[in-house]
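Peer 1: Provided below: target-v3.cif, containing mmCIF, C-alpha atoms and all ligand atoms.
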```
data_run
#
loop_
_atom_site.label_atom_id
_atom_site.label_comp_id
_atom_site.auth_asym_id
_atom_site.auth_seq_id
_atom_site.Cartn_x
_atom_site.Cartn_y
_atom_site.Cartn_z
CA MET A 1 48.55 96.46 26.00
CA GLU A 2 50.69 98.50 23.58
CA SER A 3 53.42 100.39 25.40
CA ASP A 4 51.76 103.81 24.89
CA GLU A 5 48.14 102.71 24.98
CA HIS A 6 47.75 103.73 28.65
CA LEU A 7 48.90 107.28 27.82
CA ARG A 8 46.24 107.76 25.17
CA ARG A 9 43.54 106.25 27.37
CA ASN A 10 44.56 108.22 30.47
CA TYR A 11 44.86 111.47 28.52
CA GLU A 12 41.27 111.03 27.25
CA TYR A 13 40.00 109.94 30.67
CA TRP A 14 41.52 112.89 32.53
CA ASN A 15 40.40 115.45 29.99
CA ARG A 16 36.88 114.00 30.26
CA GLN A 17 37.05 114.05 34.07
CA ALA A 18 38.59 117.50 34.50
CA ASP A 19 35.31 119.35 35.19
CA LEU A 20 34.55 116.98 38.07
CA TRP A 21 37.82 117.89 39.83
CA VAL A 22 37.30 121.66 39.78
CA VAL A 23 35.35 121.94 43.07
CA GLY A 24 37.80 119.71 44.97
CA GLY A 25 40.73 121.57 43.43
CA GLU A 26 39.30 124.94 44.51
CA ALA A 27 38.82 123.71 48.08
CA SER A 28 42.36 122.33 48.23
CA TRP A 29 43.89 125.53 46.80
CA ALA A 30 42.04 127.50 49.51
CA ARG A 31 43.45 125.25 52.27
CA HIS A 32 46.75 126.49 53.68
CA GLU A 33 47.48 123.48 55.90
CA PRO A 34 47.82 120.44 53.59
CA THR A 35 45.70 117.32 54.00
CA TRP A 36 46.45 114.24 51.93
CA GLY A 37 44.79 111.47 49.99
CA ILE A 38 41.21 110.30 49.99
CA PHE A 39 40.91 110.43 53.80
CA GLY A 40 42.33 113.94 54.22
CA VAL A 41 45.08 112.86 56.62
CA PRO A 42 46.80 116.01 57.97
CA GLU A 43 50.32 117.08 57.07
CA SER A 44 51.21 116.93 60.78
CA THR A 45 50.72 113.13 60.60
CA LEU A 46 52.29 112.32 57.22
CA ARG A 47 54.93 115.07 56.87
CA LEU A 48 54.98 114.89 53.08
CA LEU A 49 56.46 118.37 52.63
CA PRO A 50 59.98 119.22 53.86
CA GLY A 51 60.02 121.60 56.84
CA ASP A 52 61.89 124.43 55.11
CA MET A 53 61.28 124.74 51.37
CA ARG A 54 62.57 128.29 50.90
CA THR A 55 65.67 127.38 48.86
CA MET A 56 64.19 124.34 47.13
CA LYS A 57 63.55 123.69 43.46
CA THR A 58 60.61 121.31 43.45
CA LEU A 59 58.69 119.21 40.94
CA GLU A 60 55.16 117.84 41.15
CA LEU A 61 54.56 114.82 38.93
CA GLY A 62 50.94 114.61 37.77
CA CYS A 63 49.74 117.81 39.46
CA GLY A 64 46.08 117.81 38.35
CA THR A 65 44.59 121.13 39.48
CA GLY A 66 47.92 122.06 41.09
CA TYR A 67 47.05 122.48 44.76
CA VAL A 68 50.07 120.54 46.09
CA SER A 69 52.27 122.85 44.04
CA ALA A 70 50.39 125.84 45.45
CA TRP A 71 51.17 124.61 48.99
CA MET A 72 54.86 124.30 48.06
CA ALA A 73 54.95 127.73 46.38
CA ARG A 74 53.41 129.31 49.50
CA ARG A 75 56.25 127.73 51.50
CA GLY A 76 58.72 129.60 49.32
CA ALA A 77 59.77 126.79 46.94
CA LYS A 78 60.48 127.39 43.25
CA VAL A 79 57.89 125.05 41.76
CA THR A 80 57.42 123.22 38.47
CA ALA A 81 54.20 121.24 38.08
CA MET A 82 53.61 118.78 35.25
CA ASP A 83 50.48 117.01 34.02
CA LEU A 84 49.34 115.03 30.99
CA SER A 85 45.90 116.65 30.83
CA ASP A 86 45.67 120.12 29.29
CA ARG A 87 42.19 120.53 30.79
CA GLN A 88 43.43 119.87 34.34
CA LEU A 89 46.16 122.44 33.69
CA ASP A 90 43.53 124.95 32.51
CA THR A 91 42.00 124.71 35.99
CA ALA A 92 45.44 125.03 37.60
CA ARG A 93 46.16 128.14 35.53
CA ARG A 94 42.83 129.73 36.46
CA LEU A 95 43.39 129.01 40.17
CA GLN A 96 46.85 130.57 39.94
CA ARG A 97 45.17 133.79 38.81
CA VAL A 98 42.47 133.57 41.49
CA HIS A 99 45.09 133.13 44.24
CA GLY A 100 47.73 135.44 42.73
CA LEU A 101 50.30 132.65 42.85
CA GLN A 102 52.50 131.82 39.87
CA PHE A 103 54.59 128.72 39.22
CA GLU A 104 55.64 126.85 36.10
CA LEU A 105 53.03 124.51 34.57
CA VAL A 106 54.23 121.96 32.02
CA ASN A 107 51.96 119.82 29.85
CA GLY A 108 53.49 116.38 29.29
CA ASN A 109 54.05 112.78 30.28
CA CYS A 110 55.90 112.15 33.55
CA GLU A 111 57.38 108.92 32.14
CA SER A 112 59.66 111.09 29.99
CA LEU A 113 60.59 114.36 31.67
CA PRO A 114 61.78 117.37 29.63
CA PHE A 115 64.19 118.48 32.38
CA GLU A 116 67.97 118.35 32.79
CA ASP A 117 69.61 115.74 34.99
CA CYS A 118 70.06 116.69 38.66
CA SER A 119 67.94 119.83 38.47
CA PHE A 120 65.49 119.49 41.42
CA ASP A 121 65.86 119.18 45.21
CA PHE A 122 62.49 117.60 45.88
CA ALA A 123 59.76 115.82 43.90
CA ILE A 124 56.28 114.77 44.94
CA SER A 125 53.26 112.99 43.54
CA GLU A 126 49.88 112.53 45.16
CA TYR A 127 47.85 110.12 42.98
CA GLY A 128 49.56 111.52 39.87
CA ALA A 129 52.55 109.70 38.35
CA ALA A 130 52.36 107.69 41.60
CA ILE A 131 49.58 105.57 40.12
CA TRP A 132 49.01 106.64 36.50
CA CYS A 133 52.53 106.13 35.13
CA ARG A 134 54.53 102.94 34.59
CA PRO A 135 56.61 102.63 37.79
CA GLU A 136 59.66 101.37 35.83
CA LEU A 137 59.65 104.59 33.76
CA TRP A 138 58.59 107.48 35.97
CA LEU A 139 60.72 106.40 38.95
CA ARG A 140 63.84 106.34 36.73
CA GLU A 141 63.01 109.75 35.38
CA ALA A 142 62.36 111.22 38.83
CA TYR A 143 65.72 109.79 39.95
CA ARG A 144 67.48 111.30 36.95
CA VAL A 145 66.17 114.83 37.45
CA LEU A 146 66.76 114.97 41.22
CA LYS A 147 70.05 116.21 42.64
CA PRO A 148 72.10 113.73 44.69
CA GLY A 149 70.47 113.49 48.12
CA GLY A 150 67.20 114.84 46.66
CA MET A 151 63.98 113.31 47.94
CA LEU A 152 60.86 111.92 46.30
CA HIS A 153 57.64 111.47 48.28
CA PHE A 154 54.66 109.80 46.69
CA LEU A 155 51.19 108.75 47.79
CA GLY A 156 48.86 106.40 45.94
CA CYS A 157 46.78 103.26 46.26
CA SER A 158 47.95 100.44 48.47
CA PRO A 159 48.46 97.13 46.63
CA TRP A 160 45.53 95.89 48.75
CA VAL A 161 43.18 98.02 46.68
CA SER A 162 43.28 95.93 43.54
CA VAL A 163 43.21 92.69 45.56
CA CYS A 164 39.88 93.75 47.10
CA SER A 165 38.41 95.34 43.95
CA PRO A 166 35.46 93.17 42.97
CA ALA A 167 36.09 91.15 39.81
CA SER A 168 32.66 92.40 38.63
CA GLY A 169 34.15 95.92 38.50
CA GLU A 170 31.50 97.17 40.94
CA LEU A 171 32.97 99.36 43.68
CA PRO A 172 33.47 100.05 46.61
CA LEU A 173 36.18 97.66 47.76
CA VAL A 174 35.03 94.47 49.44
CA GLU A 175 36.40 92.48 52.38
CA ARG A 176 37.28 89.54 50.13
CA LEU A 177 40.37 88.65 48.13
CA GLU A 178 39.17 89.05 44.55
CA ARG A 179 42.34 89.45 42.49
CA SER A 180 45.96 88.33 42.62
CA TYR A 181 48.26 90.26 44.92
CA PHE A 182 51.49 89.01 43.35
CA ASP A 183 50.47 89.44 39.70
CA GLN A 184 49.33 93.06 40.00
CA HIS A 185 51.04 95.56 37.75
CA VAL A 186 48.80 97.04 35.04
CA HIS A 187 45.19 97.71 36.08
CA ASP A 188 42.90 98.29 33.14
CA TRP A 189 39.70 99.91 34.46
CA GLY A 190 38.04 100.20 31.03
CA ASP A 191 36.57 103.69 30.55
CA GLU A 192 38.22 104.82 33.79
CA GLY A 193 41.74 104.54 32.50
CA VAL A 194 44.77 102.43 33.24
CA ASP A 195 46.80 102.59 36.44
CA PHE A 196 49.72 100.74 37.95
CA ASN A 197 50.77 99.16 41.20
CA LEU A 198 53.20 96.49 42.45
CA PRO A 199 53.38 94.10 45.38
CA ILE A 200 55.49 95.62 48.17
CA SER A 201 58.42 93.33 47.29
CA GLY A 202 58.18 94.56 43.68
CA TRP A 203 58.43 98.21 44.78
CA PHE A 204 61.48 97.40 46.91
CA ARG A 205 63.20 95.57 44.03
CA LEU A 206 62.56 98.44 41.64
CA PHE A 207 63.82 101.07 44.10
CA ARG A 208 66.99 99.04 44.63
CA GLU A 209 67.59 98.60 40.88
CA ILE A 210 67.28 102.33 40.26
CA GLY A 211 69.32 103.42 43.29
CA TRP A 212 66.61 104.83 45.57
CA GLU A 213 67.05 104.56 49.30
CA VAL A 214 63.80 103.97 51.16
CA LEU A 215 63.47 106.44 54.05
CA ASP A 216 59.96 105.56 55.14
CA TYR A 217 56.77 103.72 54.25
CA LEU A 218 53.41 104.87 55.65
CA GLU A 219 49.85 103.56 55.43
CA PRO A 220 47.50 106.54 55.88
CA ARG A 221 44.39 105.72 57.89
CA PRO A 222 41.15 107.72 58.22
CA ALA A 223 40.55 109.28 61.64
CA THR A 224 37.28 107.37 62.09
CA SER A 225 35.39 104.45 60.61
CA GLY A 226 31.93 104.84 59.08
CA ASP A 227 29.90 103.90 56.03
CA GLU A 228 30.69 107.10 54.11
CA ARG A 229 32.23 106.34 50.71
CA ARG A 230 35.34 108.13 49.45
CA HIS A 231 35.93 107.36 45.77
CA HIS A 232 36.48 103.58 45.61
CA VAL A 233 36.51 102.88 49.35
CA THR A 234 34.38 103.32 52.49
CA LEU A 235 35.79 104.76 55.72
CA ASP A 236 35.08 101.39 57.37
CA TRP A 237 37.28 99.61 54.83
CA GLY A 238 40.04 102.21 55.05
CA TYR A 239 39.97 102.10 58.85
CA ARG A 240 40.49 98.33 58.87
CA TYR A 241 42.83 97.82 55.90
CA PRO A 242 45.43 99.92 54.09
CA ALA A 243 43.83 101.74 51.15
CA GLU A 244 46.80 104.06 50.57
CA GLN A 245 50.57 103.98 50.72
CA VAL A 246 53.24 106.64 51.06
CA TRP A 247 56.83 106.06 50.00
CA LYS A 248 59.59 108.46 51.02
CA LEU A 249 62.75 107.95 48.97
CA ALA A 250 66.16 109.58 48.65
CA LYS A 251 68.50 109.63 45.64
CA ARG A 252 71.70 107.93 46.73
CA GLY A 253 74.59 106.34 44.85
CA VAL A 254 75.35 109.25 42.51
CA SER A 255 78.06 111.72 43.38
CA GLY A 256 77.58 115.42 42.68
CA THR A 257 80.49 115.37 40.21
CA LEU A 258 79.02 112.51 38.21
CA CYS A 259 75.76 114.38 38.07
CA ALA A 260 77.46 117.54 36.79
CA GLN A 261 79.35 115.61 34.06
CA LYS A 262 76.35 113.63 32.90
CA SER A 263 74.00 116.41 31.85
CA LYS A 264 72.52 114.43 28.98
CA HIS A 265 68.91 115.49 28.54
CA ASN A 266 66.42 112.62 28.87
CA PRO A 267 68.76 109.69 28.19
CA ARG A 268 66.18 107.24 26.85
C1 LIG B 301 44.03 112.47 40.79
S1 LIG B 301 44.96 113.61 39.82
C2 LIG B 301 46.33 113.97 40.85
C3 LIG B 301 46.36 115.38 41.25
C4 LIG B 301 45.91 115.69 42.65
N1 LIG B 301 46.92 115.39 43.63
C5 LIG B 301 44.62 115.02 43.02
O1 LIG B 301 44.65 114.03 43.75
O2 LIG B 301 43.57 115.51 42.55
C6 LIG B 301 45.73 112.57 38.61
C7 LIG B 301 46.46 113.37 37.54
O3 LIG B 301 47.46 112.54 36.96
C8 LIG B 301 47.59 113.00 35.63
N2 LIG B 301 48.31 112.02 34.81
C9 LIG B 301 47.90 110.81 34.37
N3 LIG B 301 48.85 110.23 33.61
C10 LIG B 301 49.89 111.09 33.57
C11 LIG B 301 51.16 111.07 32.93
N4 LIG B 301 51.57 110.02 32.19
N5 LIG B 301 51.98 112.14 33.09
C12 LIG B 301 51.57 113.23 33.82
N6 LIG B 301 50.39 113.29 34.45
C13 LIG B 301 49.55 112.24 34.33
C14 LIG B 301 46.17 113.21 35.18
O4 LIG B 301 46.07 114.02 34.02
C15 LIG B 301 45.55 113.82 36.42
O5 LIG B 301 45.50 115.22 36.36
#
```
Would you mind writing the file's structure down as structure tokens?
Peer 2:
Amino acid sequence: MESDEHLRRNYEYWNRQADLWVVGGEASWARHEPTWGIFGVPESTLRLLPGDMRTMKTLELGCGTGYVSAWMARRGAKVTAMDLSDRQLDTARRLQRVHGLQFELVNGNCESLPFEDCSFDFAISEYGAAIWCRPELWLREAYRVLKPGGMLHFLGCSPWVSVCSPASGELPLVERLERSYFDQHVHDWGDEGVDFNLPISGWFRLFREIGWEVLDYLEPRPATSGDERRHHVTLDWGYRYPAEQVWKLAKRGVSGTLCAQKSKHNPR
């Protein structure tokens, strides 16, 4: 695949899909207590948002309809939310007006951020850059724009998801090993876009190369089993196996002084 091919495909996919995410986006904007991922695991279990956000400058990477950013703005954070799809951002902008809540919306690619080095305290992605961007690119960019000690939390598919995705392409996930665990990286889902994942050891290696410290790793689980389907997975499957992963990372290894000296905008 050409290096930018996934961007074109994902841009088209998400603009095509945007109308289907309006109802879910409205419900999530209306919710004041966050729930996360395809199983709606409560914030009290995952603790994806810092306790006190009142002095924080925060960035959401791949914000979709913008509800995670709305939750952060309501907690007093100064929020910037970025997304590749202009149509998803149209919904976010409309919901800002409906809820009387303003924060910065930026249209662009999270693999190349238009922000200064060391300019945010906290970054987050829930199924945004977390799965739709090349890990080698967006994780370097997130590191660059965070202040020393800043944290990145992201939630996306577990590497088990592609392993148990039927080779036929027919979902939901099955209880069989259908694809390579170790060779996963680029997942081309045809009309449904291109996403990315790594084996756990691959994530660890990449974090170490960039300078991230791993603070925690979680595997969100639905509260109950059942045959109800959520996107690509049933509750039964998600209750038995990890369908999602959460990484909590901190930017270490860069002193504040170095950060202040090196204010080169987007070094690549
Ligand atoms: C599933 S939504 C995530 C938002 C929300 N948390 C949710 O789960 O609905 C995925 C979003 O990632 C965005 N996206 C895909 N590739 C991207 C990229 N390279 N840069 C920024 N956003 C991207 C899509 O446009 C889409 O709005």
Peer 1: Atom CA of Asp216 of chain A to atom CA of Asp52 of chain A: how many Å, to one decimal?
Peer 2: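 Here the two named atoms are 19.0 Å from each other.
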Peer 1: Report as a tab-separated table: every residue of chain A with an atom at most 7 Å from ligand LIG 301 (chain B), its closest pair of atoms, and their distance in Å to one decimal, counting all atoms listed in the file, with rows sorted by chain and ascending residue number.
Peer 2:
```
residue	atom	partner	partner_atom	distance
A:Leu7	CA	B:LIG301	N4	5.8
A:Asn10	CA	B:LIG301	N3	5.7
A:Tyr11	CA	B:LIG301	O4	6.2
A:Trp14	CA	B:LIG301	O4	4.9
A:Trp21	CA	B:LIG301	O2	6.8
A:Gly25	CA	B:LIG301	O2	6.8
A:Gly37	CA	B:LIG301	O1	6.7
A:Leu61	CA	B:LIG301	C12	6.1
A:Gly62	CA	B:LIG301	N6	3.6
A:Cys63	CA	B:LIG301	C3	4.5
A:Gly64	CA	B:LIG301	O5	3.3
A:Thr65	CA	B:LIG301	C3	6.3
A:Gly66	CA	B:LIG301	C4	6.9
A:Val68	CA	B:LIG301	N1	6.5
A:Met82	CA	B:LIG301	C12	6.1
A:Asp83	CA	B:LIG301	N6	3.7
A:Leu84	CA	B:LIG301	N6	4.0
A:Ser85	CA	B:LIG301	O4	4.1
A:Gln88	CA	B:LIG301	O5	5.5
A:Gly108	CA	B:LIG301	C12	5.8
A:Asn109	CA	B:LIG301	N5	3.5
A:Cys110	CA	B:LIG301	N5	3.9
A:Glu111	CA	B:LIG301	N4	5.9
A:Ser125	CA	B:LIG301	N1	6.8
A:Glu126	CA	B:LIG301	N1	4.4
A:Tyr127	CA	B:LIG301	C2	4.7
A:Gly128	CA	B:LIG301	O3	3.7
A:Ala129	CA	B:LIG301	C13	5.6
A:Trp132	CA	B:LIG301	N3	4.6
A:Cys133	CA	B:LIG301	N4	5.0
```
Peer 1: Find the residue from A:Asp191, A:Glu26, A:Glu141, A:Glu244 that sits nearest to Phe115 of chain A; use only C-alpha atoms when measuring.
Peer 2: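 Checking each of A:Asp191, A:Glu26, A:Glu141, A:Glu244 against Phe115 of chain A, counting only C-alpha atoms, the winner is A:Glu141.
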Peer 1: Write out as number ranges by chain each polymer residue whose atoms come within 7 Å of Glu213 of chain A, counting all atoms listed in the file; drop sequence neighbours fewer than 6 positions from it.
Peer 2: A: 249-252
Peer 1: Which one of A:Ala223, A:Leu206, A:Leu113, A:Asp188 sits closest to Arg9 of chain A if you count all atoms listed in the file?
Peer 2: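 Result for the nearest residue to Arg9 of chain A: A:Asp188.
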Peer 1: Might you pull out every residue within 9 Å of Arg230 of chain A, with all atoms listed in the file counted and same-chain residues fewer than 2 positions away left off, and present them as a ChimeraX atom specification?
Peer 2: /A:38-39,172,228,232-235
Peer 1: Using all atoms of segment 196-211 of chain A that appear in the file, construct an axis-aligned enclosing box with 3 Å of padding on every side and provide its centre coordinates and edge lengths in Å, rounded to one decimal, as JSON.
Peer 2:
```
{"center_x": 59.5, "center_y": 98.4, "center_z": 43.1, "size_x": 25.6, "size_y": 16.1, "size_z": 16.2}
```
Peer 1: Fewer than 4 positions away in the same chain doesn't count, so skip those; otherwise give me all residues within 12 Å of Leu152 of chain A, counting all atoms listed in the file, as a PyMOL selection string.
Peer 2: chain A and resi 48-50+58-61+120-126+129-130+138-148+207+212-216+246-252
Peer 1: Suppose we keep C-alpha atoms; can you now write the selection as a PDB file, in the coordinates of the input?
Peer 2:
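Output file result_5.pdb is given in full below:
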```pdb
ATOM      1  CA  LEU A  48      54.980 114.890  53.080  1.00  0.00           C
ATOM      2  CA  LEU A  49      56.460 118.370  52.630  1.00  0.00           C
ATOM      3  CA  PRO A  50      59.980 119.220  53.860  1.00  0.00           C
ATOM      4  CA  THR A  58      60.610 121.310  43.450  1.00  0.00           C
ATOM      5  CA  LEU A  59      58.690 119.210  40.940  1.00  0.00           C
ATOM      6  CA  GLU A  60      55.160 117.840  41.150  1.00  0.00           C
ATOM      7  CA  LEU A  61      54.560 114.820  38.930  1.00  0.00           C
ATOM      8  CA  PHE A 120      65.490 119.490  41.420  1.00  0.00           C
ATOM      9  CA  ASP A 121      65.860 119.180  45.210  1.00  0.00           C
ATOM     10  CA  PHE A 122      62.490 117.600  45.880  1.00  0.00           C
ATOM     11  CA  ALA A 123      59.760 115.820  43.900  1.00  0.00           C
ATOM     12  CA  ILE A 124      56.280 114.770  44.940  1.00  0.00           C
ATOM     13  CA  SER A 125      53.260 112.990  43.540  1.00  0.00           C
ATOM     14  CA  GLU A 126      49.880 112.530  45.160  1.00  0.00           C
ATOM     15  CA  ALA A 129      52.550 109.700  38.350  1.00  0.00           C
ATOM     16  CA  ALA A 130      52.360 107.690  41.600  1.00  0.00           C
ATOM     17  CA  TRP A 138      58.590 107.480  35.970  1.00  0.00           C
ATOM     18  CA  LEU A 139      60.720 106.400  38.950  1.00  0.00           C
ATOM     19  CA  ARG A 140      63.840 106.340  36.730  1.00  0.00           C
ATOM     20  CA  GLU A 141      63.010 109.750  35.380  1.00  0.00           C
ATOM     21  CA  ALA A 142      62.360 111.220  38.830  1.00  0.00           C
ATOM     22  CA  TYR A 143      65.720 109.790  39.950  1.00  0.00           C
ATOM     23  CA  ARG A 144      67.480 111.300  36.950  1.00  0.00           C
ATOM     24  CA  VAL A 145      66.170 114.830  37.450  1.00  0.00           C
ATOM     25  CA  LEU A 146      66.760 114.970  41.220  1.00  0.00           C
ATOM     26  CA  LYS A 147      70.050 116.210  42.640  1.00  0.00           C
ATOM     27  CA  PRO A 148      72.100 113.730  44.690  1.00  0.00           C
ATOM     28  CA  PHE A 207      63.820 101.070  44.100  1.00  0.00           C
ATOM     29  CA  TRP A 212      66.610 104.830  45.570  1.00  0.00           C
ATOM     30  CA  GLU A 213      67.050 104.560  49.300  1.00  0.00           C
ATOM     31  CA  VAL A 214      63.800 103.970  51.160  1.00  0.00           C
ATOM     32  CA  LEU A 215      63.470 106.440  54.050  1.00  0.00           C
ATOM     33  CA  ASP A 216      59.960 105.560  55.140  1.00  0.00           C
ATOM     34  CA  VAL A 246      53.240 106.640  51.060  1.00  0.00           C
ATOM     35  CA  TRP A 247      56.830 106.060  50.000  1.00  0.00           C
ATOM     36  CA  LYS A 248      59.590 108.460  51.020  1.00  0.00           C
ATOM     37  CA  LEU A 249      62.750 107.950  48.970  1.00  0.00           C
ATOM     38  CA  ALA A 250      66.160 109.580  48.650  1.00  0.00           C
ATOM     39  CA  LYS A 251      68.500 109.630  45.640  1.00  0.00           C
ATOM     40  CA  ARG A 252      71.700 107.930  46.730  1.00  0.00           C
TER      41      ARG A 252
END
```
Peer 1: Report, in Å to a single decimal, how far apart atom CA of Trp29 of chain A and atom CA of His231 of chain A are.
Peer 2: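 Computing it gives 19.9 Å between the two atoms.
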Peer 1: Show which residues sit within 10 Å of Gly40 of chain A, as a list of chain:residue names. Count only C-alpha atoms, and ignore same-chain residues fewer than 4 positions away.
Peer 2: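 What passes the distance filter is A:Pro34, A:Thr35, A:Trp36, A:Pro220, A:Arg221, A:Pro222, A:Ala223.
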Peer 1: Could I get segment 78-95 of chain A rebuilt with N, CA, C and O atoms, written as a PDB file, in the frame of the given file?
Peer 2:
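Written out: selection.pdb:
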```pdb
ATOM      1  N   LYS A  78      60.607 127.069  44.678  1.00  0.00           N
ATOM      2  CA  LYS A  78      60.480 127.390  43.250  1.00  0.00           C
ATOM      3  C   LYS A  78      59.891 126.133  42.608  1.00  0.00           C
ATOM      4  O   LYS A  78      60.530 125.072  42.594  1.00  0.00           O
ATOM      5  N   VAL A  79      58.663 126.247  42.093  1.00  0.00           N
ATOM      6  CA  VAL A  79      57.890 125.050  41.760  1.00  0.00           C
ATOM      7  C   VAL A  79      57.699 124.871  40.255  1.00  0.00           C
ATOM      8  O   VAL A  79      57.395 125.826  39.540  1.00  0.00           O
ATOM      9  N   THR A  80      57.859 123.624  39.805  1.00  0.00           N
ATOM     10  CA  THR A  80      57.420 123.220  38.470  1.00  0.00           C
ATOM     11  C   THR A  80      56.386 122.115  38.658  1.00  0.00           C
ATOM     12  O   THR A  80      56.609 121.184  39.439  1.00  0.00           O
ATOM     13  N   ALA A  81      55.271 122.222  37.950  1.00  0.00           N
ATOM     14  CA  ALA A  81      54.200 121.240  38.080  1.00  0.00           C
ATOM     15  C   ALA A  81      53.876 120.703  36.695  1.00  0.00           C
ATOM     16  O   ALA A  81      53.692 121.465  35.757  1.00  0.00           O
ATOM     17  N   MET A  82      53.806 119.383  36.584  1.00  0.00           N
ATOM     18  CA  MET A  82      53.610 118.780  35.250  1.00  0.00           C
ATOM     19  C   MET A  82      52.376 117.874  35.257  1.00  0.00           C
ATOM     20  O   MET A  82      52.104 117.183  36.232  1.00  0.00           O
ATOM     21  N   ASP A  83      51.651 117.894  34.152  1.00  0.00           N
ATOM     22  CA  ASP A  83      50.480 117.010  34.020  1.00  0.00           C
ATOM     23  C   ASP A  83      50.223 116.697  32.548  1.00  0.00           C
ATOM     24  O   ASP A  83      50.516 117.500  31.658  1.00  0.00           O
ATOM     25  N   LEU A  84      49.654 115.498  32.345  1.00  0.00           N
ATOM     26  CA  LEU A  84      49.340 115.030  30.990  1.00  0.00           C
ATOM     27  C   LEU A  84      48.119 115.744  30.413  1.00  0.00           C
ATOM     28  O   LEU A  84      48.007 115.929  29.201  1.00  0.00           O
ATOM     29  N   SER A  85      47.190 116.138  31.296  1.00  0.00           N
ATOM     30  CA  SER A  85      45.900 116.650  30.830  1.00  0.00           C
ATOM     31  C   SER A  85      45.919 118.173  30.701  1.00  0.00           C
ATOM     32  O   SER A  85      46.089 118.894  31.688  1.00  0.00           O
ATOM     33  N   ASP A  86      45.704 118.669  29.478  1.00  0.00           N
ATOM     34  CA  ASP A  86      45.670 120.120  29.290  1.00  0.00           C
ATOM     35  C   ASP A  86      44.475 120.736  30.012  1.00  0.00           C
ATOM     36  O   ASP A  86      44.539 121.852  30.502  1.00  0.00           O
ATOM     37  N   ARG A  87      43.388 119.965  30.142  1.00  0.00           N
ATOM     38  CA  ARG A  87      42.190 120.530  30.790  1.00  0.00           C
ATOM     39  C   ARG A  87      42.391 120.658  32.301  1.00  0.00           C
ATOM     40  O   ARG A  87      41.907 121.604  32.921  1.00  0.00           O
ATOM     41  N   GLN A  88      43.106 119.715  32.910  1.00  0.00           N
ATOM     42  CA  GLN A  88      43.430 119.870  34.340  1.00  0.00           C
ATOM     43  C   GLN A  88      44.332 121.104  34.514  1.00  0.00           C
ATOM     44  O   GLN A  88      44.175 121.870  35.455  1.00  0.00           O
ATOM     45  N   LEU A  89      45.257 121.283  33.582  1.00  0.00           N
ATOM     46  CA  LEU A  89      46.160 122.440  33.690  1.00  0.00           C
ATOM     47  C   LEU A  89      45.423 123.756  33.462  1.00  0.00           C
ATOM     48  O   LEU A  89      45.804 124.782  34.028  1.00  0.00           O
ATOM     49  N   ASP A  90      44.353 123.730  32.666  1.00  0.00           N
ATOM     50  CA  ASP A  90      43.530 124.950  32.510  1.00  0.00           C
ATOM     51  C   ASP A  90      42.994 125.378  33.868  1.00  0.00           C
ATOM     52  O   ASP A  90      42.994 126.563  34.215  1.00  0.00           O
ATOM     53  N   THR A  91      42.514 124.389  34.647  1.00  0.00           N
ATOM     54  CA  THR A  91      42.000 124.710  35.990  1.00  0.00           C
ATOM     55  C   THR A  91      43.134 125.247  36.864  1.00  0.00           C
ATOM     56  O   THR A  91      42.969 126.252  37.581  1.00  0.00           O
ATOM     57  N   ALA A  92      44.291 124.579  36.793  1.00  0.00           N
ATOM     58  CA  ALA A  92      45.440 125.030  37.600  1.00  0.00           C
ATOM     59  C   ALA A  92      45.801 126.481  37.263  1.00  0.00           C
ATOM     60  O   ALA A  92      46.037 127.313  38.152  1.00  0.00           O
ATOM     61  N   ARG A  93      45.791 126.789  35.981  1.00  0.00           N
ATOM     62  CA  ARG A  93      46.160 128.140  35.530  1.00  0.00           C
ATOM     63  C   ARG A  93      45.142 129.168  36.044  1.00  0.00           C
ATOM     64  O   ARG A  93      45.503 130.241  36.526  1.00  0.00           O
ATOM     65  N   ARG A  94      43.868 128.809  35.966  1.00  0.00           N
ATOM     66  CA  ARG A  94      42.830 129.730  36.460  1.00  0.00           C
ATOM     67  C   ARG A  94      42.980 129.951  37.969  1.00  0.00           C
ATOM     68  O   ARG A  94      42.909 131.083  38.456  1.00  0.00           O
ATOM     69  N   LEU A  95      43.257 128.870  38.713  1.00  0.00           N
ATOM     70  CA  LEU A  95      43.390 129.010  40.170  1.00  0.00           C
ATOM     71  C   LEU A  95      44.653 129.781  40.548  1.00  0.00           C
ATOM     72  O   LEU A  95      44.685 130.455  41.578  1.00  0.00           O
TER      73      LEU A  95
END
```
